[in-house]
2 protein chains.
Amino acid sequence: MTEPGTGPGTGGESLLFLTDEQLRKGIEAMFFAYRGFTADPDRILDGMDYGRAHHRALHFIHRAPGTTVNNLLSILGVTKQSLNRVLRTLIEDGLVESRVGRQDKRERHLVLTPKGEDLERQLSDAQRARMRAAYRAAGPVAVQGFRTVLEAMMDPELRRQYQTLKEAGA
Amino acid sequence: MTEPGTGPGTGGESLLFLTDEQLRKGIEAMFFAYRGFTADPDRILDGMDYGRAHHRALHFIHRAPGTTVNNLLSILGVTKQSLNRVLRTLIEDGLVESRVGRQDKRERHLVLTPKGEDLERQLSDAQRARMRAAYRAAGPVAVQGFRTVLEAMMDPELRRQYQTLKEAGA
DNA sequence: GAATTTACGTCAGCCTTGTTGACTTTCCAA
DNA sequence: TTGGAAAGTCAACAAGGCTGACGTAAATTC
């Protein structure tokens, strides 16, 4: 590490964009941008009895209706105890419905109720609004690059999860 | 919201990249990529008595040596009480030095000790390695777009903080 | 048919990292 | 010189992660 220049000699081209300094800027950009990314939904959730964890659950249940608890677990990357706490309140409050599986009765299939859809829409509208503004300001070429780098940054297993969802939608 | 096509008629150009579906993919990409982004440092920290909050403090103290607690506070966006707990352990363990201000004795100026620099380097090496791989795989044009979109996604105030740091380095 | 595995739920308890509130010390300005 | 504002510290609490242990029902395997 600590390649001060990464100038000629590193591989053939100059690869100035791989400088430690450039990478550090990317890291900081990621940090600050993620704050913006979560800010709007967080603001909406604040005051309700829910938090970011509930938002994530609603998002992915909306995205993959009828998903099982186990599947949601692996997407979110948390323990079942942790998810269960969140899920329990969402079910009690009538935002999520848990249906016993028809084939495999051990499984629970999760779907949003109309009330759950409402909140999910409210949250994702806010998040998309910011995203839309950023996309519009940056333009389609930049957006393409944005997505490419993000995908390259994922762990292989998460990338697979992401691809699966990507294909499912549209 | 809920623009199913966002086809012609939205503004003039086709703007296919502003579809709700495209935005949703961007949101999910952000979610999964951030997991990868923090995974390597988290793994290193795990087992030590430190966490992500310590990493962030080390990063920005390294980046802006001699910064005051207050300044660090506004960069990190947490309360001083929250930062203080993290800072206290880092100081006790001899990773960070806190110097009473010369002009204003209320202020504490923070610098990393050699030991602190060591850990910071270890963490940021790991994080940069992933970043570097992603950048290399995506190419310079994509990286440019990545940075552009991230900047556009930040809150205006955070964007200013980010710009300031960006100018400071290099 | 019995034993094992799987999917899910739950209780208990811990840790990190965020929060608010109350308190000192220090500085500065009226 | 005194009263308020600012920087930092201590205490207590909440959200949301975690592990470990256990229970139950359903599916699968032997």
# chains A, B, ... in the order shown; residues from 1 in each chain; ligands from 1
>>> select_by_dssp(residues="segment 28-144 of chain B", states="strand (DSSP E or B)", output="ChimeraX atom specification")
/B:46,48-49,67-68,96-100,108-112
>>> select_by_dssp(residues="chain B", states="helix (DSSP H, G or I)", output="JSON, numbers by chain")
{"B": [16, 17, 18, 20, 21, 22, 23, 24, 25, 26, 27, 28, 29, 30, 31, 32, 33, 34, 35, 36, 37, 38, 39, 40, 41, 42, 43, 44, 45, 52, 53, 54, 55, 56, 57, 58, 59, 60, 61, 62, 63, 69, 70, 71, 72, 73, 74, 75, 76, 80, 81, 82, 83, 84, 85, 86, 87, 88, 89, 90, 91, 92, 114, 115, 116, 117, 118, 119, 120, 121, 122, 123, 124, 125, 126, 127, 128, 129, 130, 131, 132, 133, 134, 135, 136, 137, 138, 140, 141, 142, 143, 144, 145, 146, 147, 148, 149, 150, 151, 152, 153, 156, 157, 158, 159, 160, 161, 162, 163, 164, 165, 166, 167, 168]}
>>> atom_distance(atom1="atom CA of Thr113 of chain B", atom2="atom CA of Val96 of chain B")
5.5 Å
>>> residues_around(residues="segment 29-37 of chain A", least_positions_apart="4", cutoff="10 Å", atoms="only C-alpha atoms (C1' of nucleotides)", output="ChimeraX atom specification")
/A:23-25,41-42,126-128,130-131,150 /B:27,30-31,33-34,37-38,56,75-77,146-156,158-159,161-163,166
>>> write_last_selection(atoms="N, CA and C atoms", output="short mmCIF file (atom, residue, chain, number, x, y, z; two decimals), in the first residue's frame")
data_model
loop_
_atom_site.label_atom_id
_atom_site.label_comp_id
_atom_site.auth_asym_id
_atom_site.auth_seq_id
_atom_site.Cartn_x
_atom_site.Cartn_y
_atom_site.Cartn_z
N LEU A 23 -8.57 7.37 -3.63
CA LEU A 23 -9.35 6.35 -2.94
C LEU A 23 -9.91 6.89 -1.64
N ARG A 24 -9.11 7.68 -0.96
CA ARG A 24 -9.58 8.27 0.29
C ARG A 24 -10.76 9.19 0.05
N LYS A 25 -10.70 9.94 -1.02
CA LYS A 25 -11.83 10.81 -1.35
C LYS A 25 -13.08 9.99 -1.64
N PRO A 41 -35.75 9.26 5.03
CA PRO A 41 -36.57 8.27 5.73
C PRO A 41 -36.39 8.35 7.25
N ASP A 42 -35.17 8.54 7.70
CA ASP A 42 -34.94 8.64 9.14
C ASP A 42 -35.79 9.75 9.75
N ALA A 126 -39.69 9.45 -0.34
CA ALA A 126 -38.73 10.43 0.15
C ALA A 126 -37.32 10.07 -0.29
N GLN A 127 -37.00 8.80 -0.18
CA GLN A 127 -35.65 8.37 -0.54
C GLN A 127 -35.42 8.50 -2.05
N ARG A 128 -36.44 8.15 -2.80
CA ARG A 128 -36.30 8.26 -4.25
C ARG A 128 -36.20 9.70 -4.70
N ARG A 130 -34.69 12.13 -3.32
CA ARG A 130 -33.30 12.58 -3.24
C ARG A 130 -32.46 11.92 -4.32
N MET A 131 -32.71 10.65 -4.49
CA MET A 131 -31.99 9.89 -5.50
C MET A 131 -32.25 10.48 -6.88
N LEU A 150 -20.54 0.72 -7.50
CA LEU A 150 -21.20 0.14 -6.33
C LEU A 150 -21.26 -1.39 -6.44
N ILE B 27 -31.01 2.53 -4.99
CA ILE B 27 -31.14 2.48 -3.53
C ILE B 27 -30.60 1.16 -3.00
N MET B 30 -26.85 0.95 -3.22
CA MET B 30 -26.25 1.73 -2.14
C MET B 30 -26.23 0.90 -0.85
N PHE B 31 -27.33 0.24 -0.58
CA PHE B 31 -27.44 -0.56 0.64
C PHE B 31 -26.43 -1.70 0.67
N ALA B 33 -23.76 -2.11 -1.26
CA ALA B 33 -22.38 -1.66 -1.40
C ALA B 33 -21.83 -1.13 -0.08
N TYR B 34 -22.68 -0.47 0.68
CA TYR B 34 -22.20 0.08 1.95
C TYR B 34 -21.80 -1.03 2.91
N PHE B 37 -18.46 -1.94 1.87
CA PHE B 37 -17.59 -0.80 2.18
C PHE B 37 -17.06 -0.86 3.60
N THR B 38 -17.91 -1.29 4.53
CA THR B 38 -17.52 -1.30 5.94
C THR B 38 -17.04 -2.68 6.40
N ARG B 56 -14.09 5.71 12.48
CA ARG B 56 -14.42 7.01 11.91
C ARG B 56 -13.62 8.12 12.57
N ILE B 75 -18.30 17.06 11.69
CA ILE B 75 -17.99 16.17 10.57
C ILE B 75 -18.70 14.83 10.75
N LEU B 76 -18.66 14.30 11.96
CA LEU B 76 -19.20 12.97 12.19
C LEU B 76 -20.73 12.99 12.35
N GLY B 77 -21.25 14.14 12.73
CA GLY B 77 -22.69 14.24 12.86
C GLY B 77 -23.25 13.45 14.03
N PHE B 146 -19.38 7.81 -10.42
CA PHE B 146 -19.60 7.40 -9.03
C PHE B 146 -19.47 8.60 -8.09
N ARG B 147 -18.35 9.30 -8.24
CA ARG B 147 -18.10 10.44 -7.35
C ARG B 147 -19.12 11.56 -7.59
N THR B 148 -19.49 11.75 -8.81
CA THR B 148 -20.44 12.82 -9.14
C THR B 148 -21.79 12.56 -8.49
N VAL B 149 -22.27 11.32 -8.62
CA VAL B 149 -23.58 11.01 -8.04
C VAL B 149 -23.52 11.09 -6.52
N LEU B 150 -22.46 10.57 -5.93
CA LEU B 150 -22.36 10.62 -4.47
C LEU B 150 -22.39 12.06 -3.97
N GLU B 151 -21.67 12.92 -4.64
CA GLU B 151 -21.67 14.32 -4.21
C GLU B 151 -23.06 14.93 -4.30
N ALA B 152 -23.75 14.57 -5.36
CA ALA B 152 -25.09 15.14 -5.57
C ALA B 152 -26.07 14.62 -4.53
N MET B 153 -25.72 13.51 -3.91
CA MET B 153 -26.62 12.88 -2.95
C MET B 153 -26.47 13.45 -1.54
N MET B 154 -25.38 14.15 -1.30
CA MET B 154 -25.12 14.66 0.06
C MET B 154 -26.02 15.84 0.40
N ASP B 155 -26.28 16.00 1.70
CA ASP B 155 -26.90 17.23 2.16
C ASP B 155 -25.93 18.38 1.88
N PRO B 156 -26.45 19.55 1.56
CA PRO B 156 -25.59 20.67 1.19
C PRO B 156 -24.50 20.96 2.23
N LEU B 158 -23.17 18.88 4.41
CA LEU B 158 -22.16 17.82 4.40
C LEU B 158 -21.30 17.93 3.15
N ARG B 159 -21.91 18.39 2.06
CA ARG B 159 -21.13 18.55 0.84
C ARG B 159 -20.02 19.57 1.06
N GLN B 161 -18.56 20.24 3.94
CA GLN B 161 -17.54 19.57 4.76
C GLN B 161 -16.65 18.69 3.90
N TYR B 162 -17.30 17.98 3.02
CA TYR B 162 -16.58 17.06 2.14
C TYR B 162 -15.63 17.82 1.22
N GLN B 163 -16.10 18.90 0.67
CA GLN B 163 -15.27 19.70 -0.23
C GLN B 163 -14.04 20.21 0.50
N LYS B 166 -11.64 17.59 0.89
CA LYS B 166 -11.12 17.21 -0.40
C LYS B 166 -9.99 18.16 -0.82
#
>>> residues_around(residues="DG8 of chain D", least_positions_apart="4", cutoff="9 Å", atoms="only C-alpha atoms (C1' of nucleotides)", output="ChimeraX atom specification")
/B:69,80-81,84,106-108 /C:24-25
>>> write_last_selection(atoms="N, CA, C and O atoms (P, O5', C5', C4', C3', O3' and C1' of nucleotides)", output="CSV table (one decimal), in the first residue's frame")
chain,number,residue,atom,x,y,z
B,69,VAL,N,-12.4,19.0,19.1
B,69,VAL,CA,-13.5,18.1,19.3
B,69,VAL,C,-14.8,18.6,18.6
B,69,VAL,O,-15.5,17.8,17.9
B,80,LYS,N,-21.8,15.3,21.1
B,80,LYS,CA,-20.5,15.3,21.7
B,80,LYS,C,-20.3,14.3,22.8
B,80,LYS,O,-19.3,13.7,23.0
B,81,GLN,N,-21.5,13.9,23.4
B,81,GLN,CA,-21.4,12.9,24.4
B,81,GLN,C,-21.1,11.5,23.8
B,81,GLN,O,-20.3,10.7,24.4
B,84,ASN,N,-17.5,11.6,22.7
B,84,ASN,CA,-16.6,11.6,23.9
B,84,ASN,C,-16.3,10.3,24.4
B,84,ASN,O,-15.1,10.0,24.7
B,106,ARG,N,-10.3,26.1,26.3
B,106,ARG,CA,-11.5,25.2,26.4
B,106,ARG,C,-11.4,24.1,25.3
B,106,ARG,O,-11.9,23.0,25.5
B,107,GLU,N,-10.7,24.5,24.3
B,107,GLU,CA,-10.6,23.5,23.1
B,107,GLU,C,-9.6,22.4,23.4
B,107,GLU,O,-8.6,22.6,24.1
B,108,ARG,N,-9.8,21.3,22.8
B,108,ARG,CA,-8.9,20.2,22.8
B,108,ARG,C,-8.5,19.9,21.3
B,108,ARG,O,-9.4,19.7,20.5
C,24,DT,P,-21.4,21.7,39.1
C,24,DT,O5',-20.2,21.5,38.0
C,24,DT,C5',-18.9,21.3,38.6
C,24,DT,C4',-17.9,21.2,37.4
C,24,DT,C3',-16.9,22.4,37.5
C,24,DT,O3',-15.6,21.8,37.5
C,24,DT,C1',-17.8,22.1,35.3
C,25,DT,P,-14.5,22.9,38.1
C,25,DT,O5',-13.9,23.5,36.8
C,25,DT,C5',-13.5,22.6,35.8
C,25,DT,C4',-13.3,23.4,34.5
C,25,DT,C3',-12.5,24.7,34.7
C,25,DT,O3',-11.4,24.7,33.8
C,25,DT,C1',-14.4,25.0,33.3
>>> atom_distance(atom1="atom CA of Leu73 of chain A", atom2="atom CA of Ile91 of chain A")
16.3 Å
>>> atom_distance(atom1="atom CA of Val143 of chain B", atom2="atom CA of Gly26 of chain A")
8.8 Å
>>> closest_residue(among="B:Glu157, B:Glu117, B:Glu97, B:Asp49", to="chain A", atoms="only C-alpha atoms")
B:Glu157
>>> residues_around(residues="segment 138-140 of chain B", least_positions_apart="2", cutoff="9 Å", atoms="only C-alpha atoms (C1' of nucleotides)", output="PyMOL selection string")
(chain A and resi 15-18+145+148-149+152) or (chain B and resi 133-136+142-145)
>>> closest_atom_pairs(of="chain D", to="chain A", cutoff="7 Å", atoms="only C-alpha atoms (C1' of nucleotides)", output="Markdown table")
| residue | atom | partner | partner_atom | distance |
| --- | --- | --- | --- | --- |
| D:DG17 | C1' | A:Ser82 | CA | 7.0 |
| D:DA25 | C1' | A:Arg106 | CA | 6.9 |
| D:DA26 | C1' | A:Arg106 | CA | 5.6 |
>>> closest_residue(among="A:Ala168, A:Val141, A:Val100, A:Leu119", to="chain B", atoms="only C-alpha atoms")
A:Val141
>>> closest_residue(among="C:DC23, C:DG13, C:DT6, C:DG1", to="DA27 of chain D", atoms="only C-alpha atoms (C1' of nucleotides)")
C:DT6
>>> residues_around(residues="DA21 of chain D", least_positions_apart="6", cutoff="12 Å", atoms="only C-alpha atoms (C1' of nucleotides)", output="VMD selection string")
chain C and resid 10 to 13
>>> write_last_selection(atoms="N, CA and C atoms (P, O5', C5', C4', C3', O3' and C1' of nucleotides)", output="CSV table (one decimal), in the first residue's frame")
chain,number,residue,atom,x,y,z
C,10,DT,P,-42.9,-14.8,18.9
C,10,DT,O5',-41.9,-15.3,20.1
C,10,DT,C5',-42.2,-16.5,20.8
C,10,DT,C4',-41.2,-16.6,21.9
C,10,DT,C3',-40.8,-15.3,22.6
C,10,DT,O3',-41.0,-15.5,24.0
C,10,DT,C1',-38.9,-16.6,22.0
C,11,DC,P,-41.1,-14.2,24.9
C,11,DC,O5',-40.1,-14.5,26.1
C,11,DC,C5',-40.0,-15.8,26.6
C,11,DC,C4',-38.6,-16.0,27.3
C,11,DC,C3',-38.1,-14.7,27.9
C,11,DC,O3',-37.7,-14.9,29.3
C,11,DC,C1',-36.5,-15.6,26.5
C,12,DA,P,-37.4,-13.7,30.2
C,12,DA,O5',-35.9,-14.0,30.7
C,12,DA,C5',-35.2,-15.1,30.4
C,12,DA,C4',-33.7,-14.8,30.3
C,12,DA,C3',-33.3,-13.4,30.8
C,12,DA,O3',-32.2,-13.5,31.7
C,12,DA,C1',-32.5,-13.7,28.6
C,13,DG,P,-31.7,-12.3,32.5
C,13,DG,O5',-30.4,-11.9,31.7
C,13,DG,C5',-29.5,-13.0,31.3
C,13,DG,C4',-28.4,-12.4,30.4
C,13,DG,C3',-28.0,-11.0,30.8
C,13,DG,O3',-26.6,-10.9,30.8
C,13,DG,C1',-28.6,-11.0,28.6
>>> interface_residues(of="chain C", to="chain A", cutoff="8 Å", atoms="only C-alpha atoms (C1' of nucleotides)", output="ChimeraX atom specification")
/C:7-9
>>> write_last_selection(atoms="C-alpha atoms (C1' of nucleotides)", output="compact mmCIF listing (two decimals), in the first residue's frame")
# COMPACT_ATOMS: atom_id res chain seq x y z
C1' DA C 7 -37.88 -23.10 9.89
C1' DC C 8 -39.49 -20.23 12.98
C1' DG C 9 -40.39 -18.01 17.46
>>> closest_residue(among="B:Asp125, B:Glu167, B:Asp40, B:Asp93", to="chain A", atoms="only C-alpha atoms")
B:Asp125
>>> closest_residue(among="C:DT16, C:DA22, C:DA3, C:DA29", to="DA15 of chain D", atoms="only C-alpha atoms (C1' of nucleotides)")
C:DT16
>>> closest_residue(among="A:Gln103, A:Asn71, A:Ser98, A:Gln22", to="chain B", atoms="only C-alpha atoms")
A:Gln22
>>> residues_around(residues="DC28 of chain C", least_positions_apart="4", cutoff="12 Å", atoms="only C-alpha atoms (C1' of nucleotides)", output="PyMOL selection string")
(chain B and resi 104) or (chain D and resi 2-6)
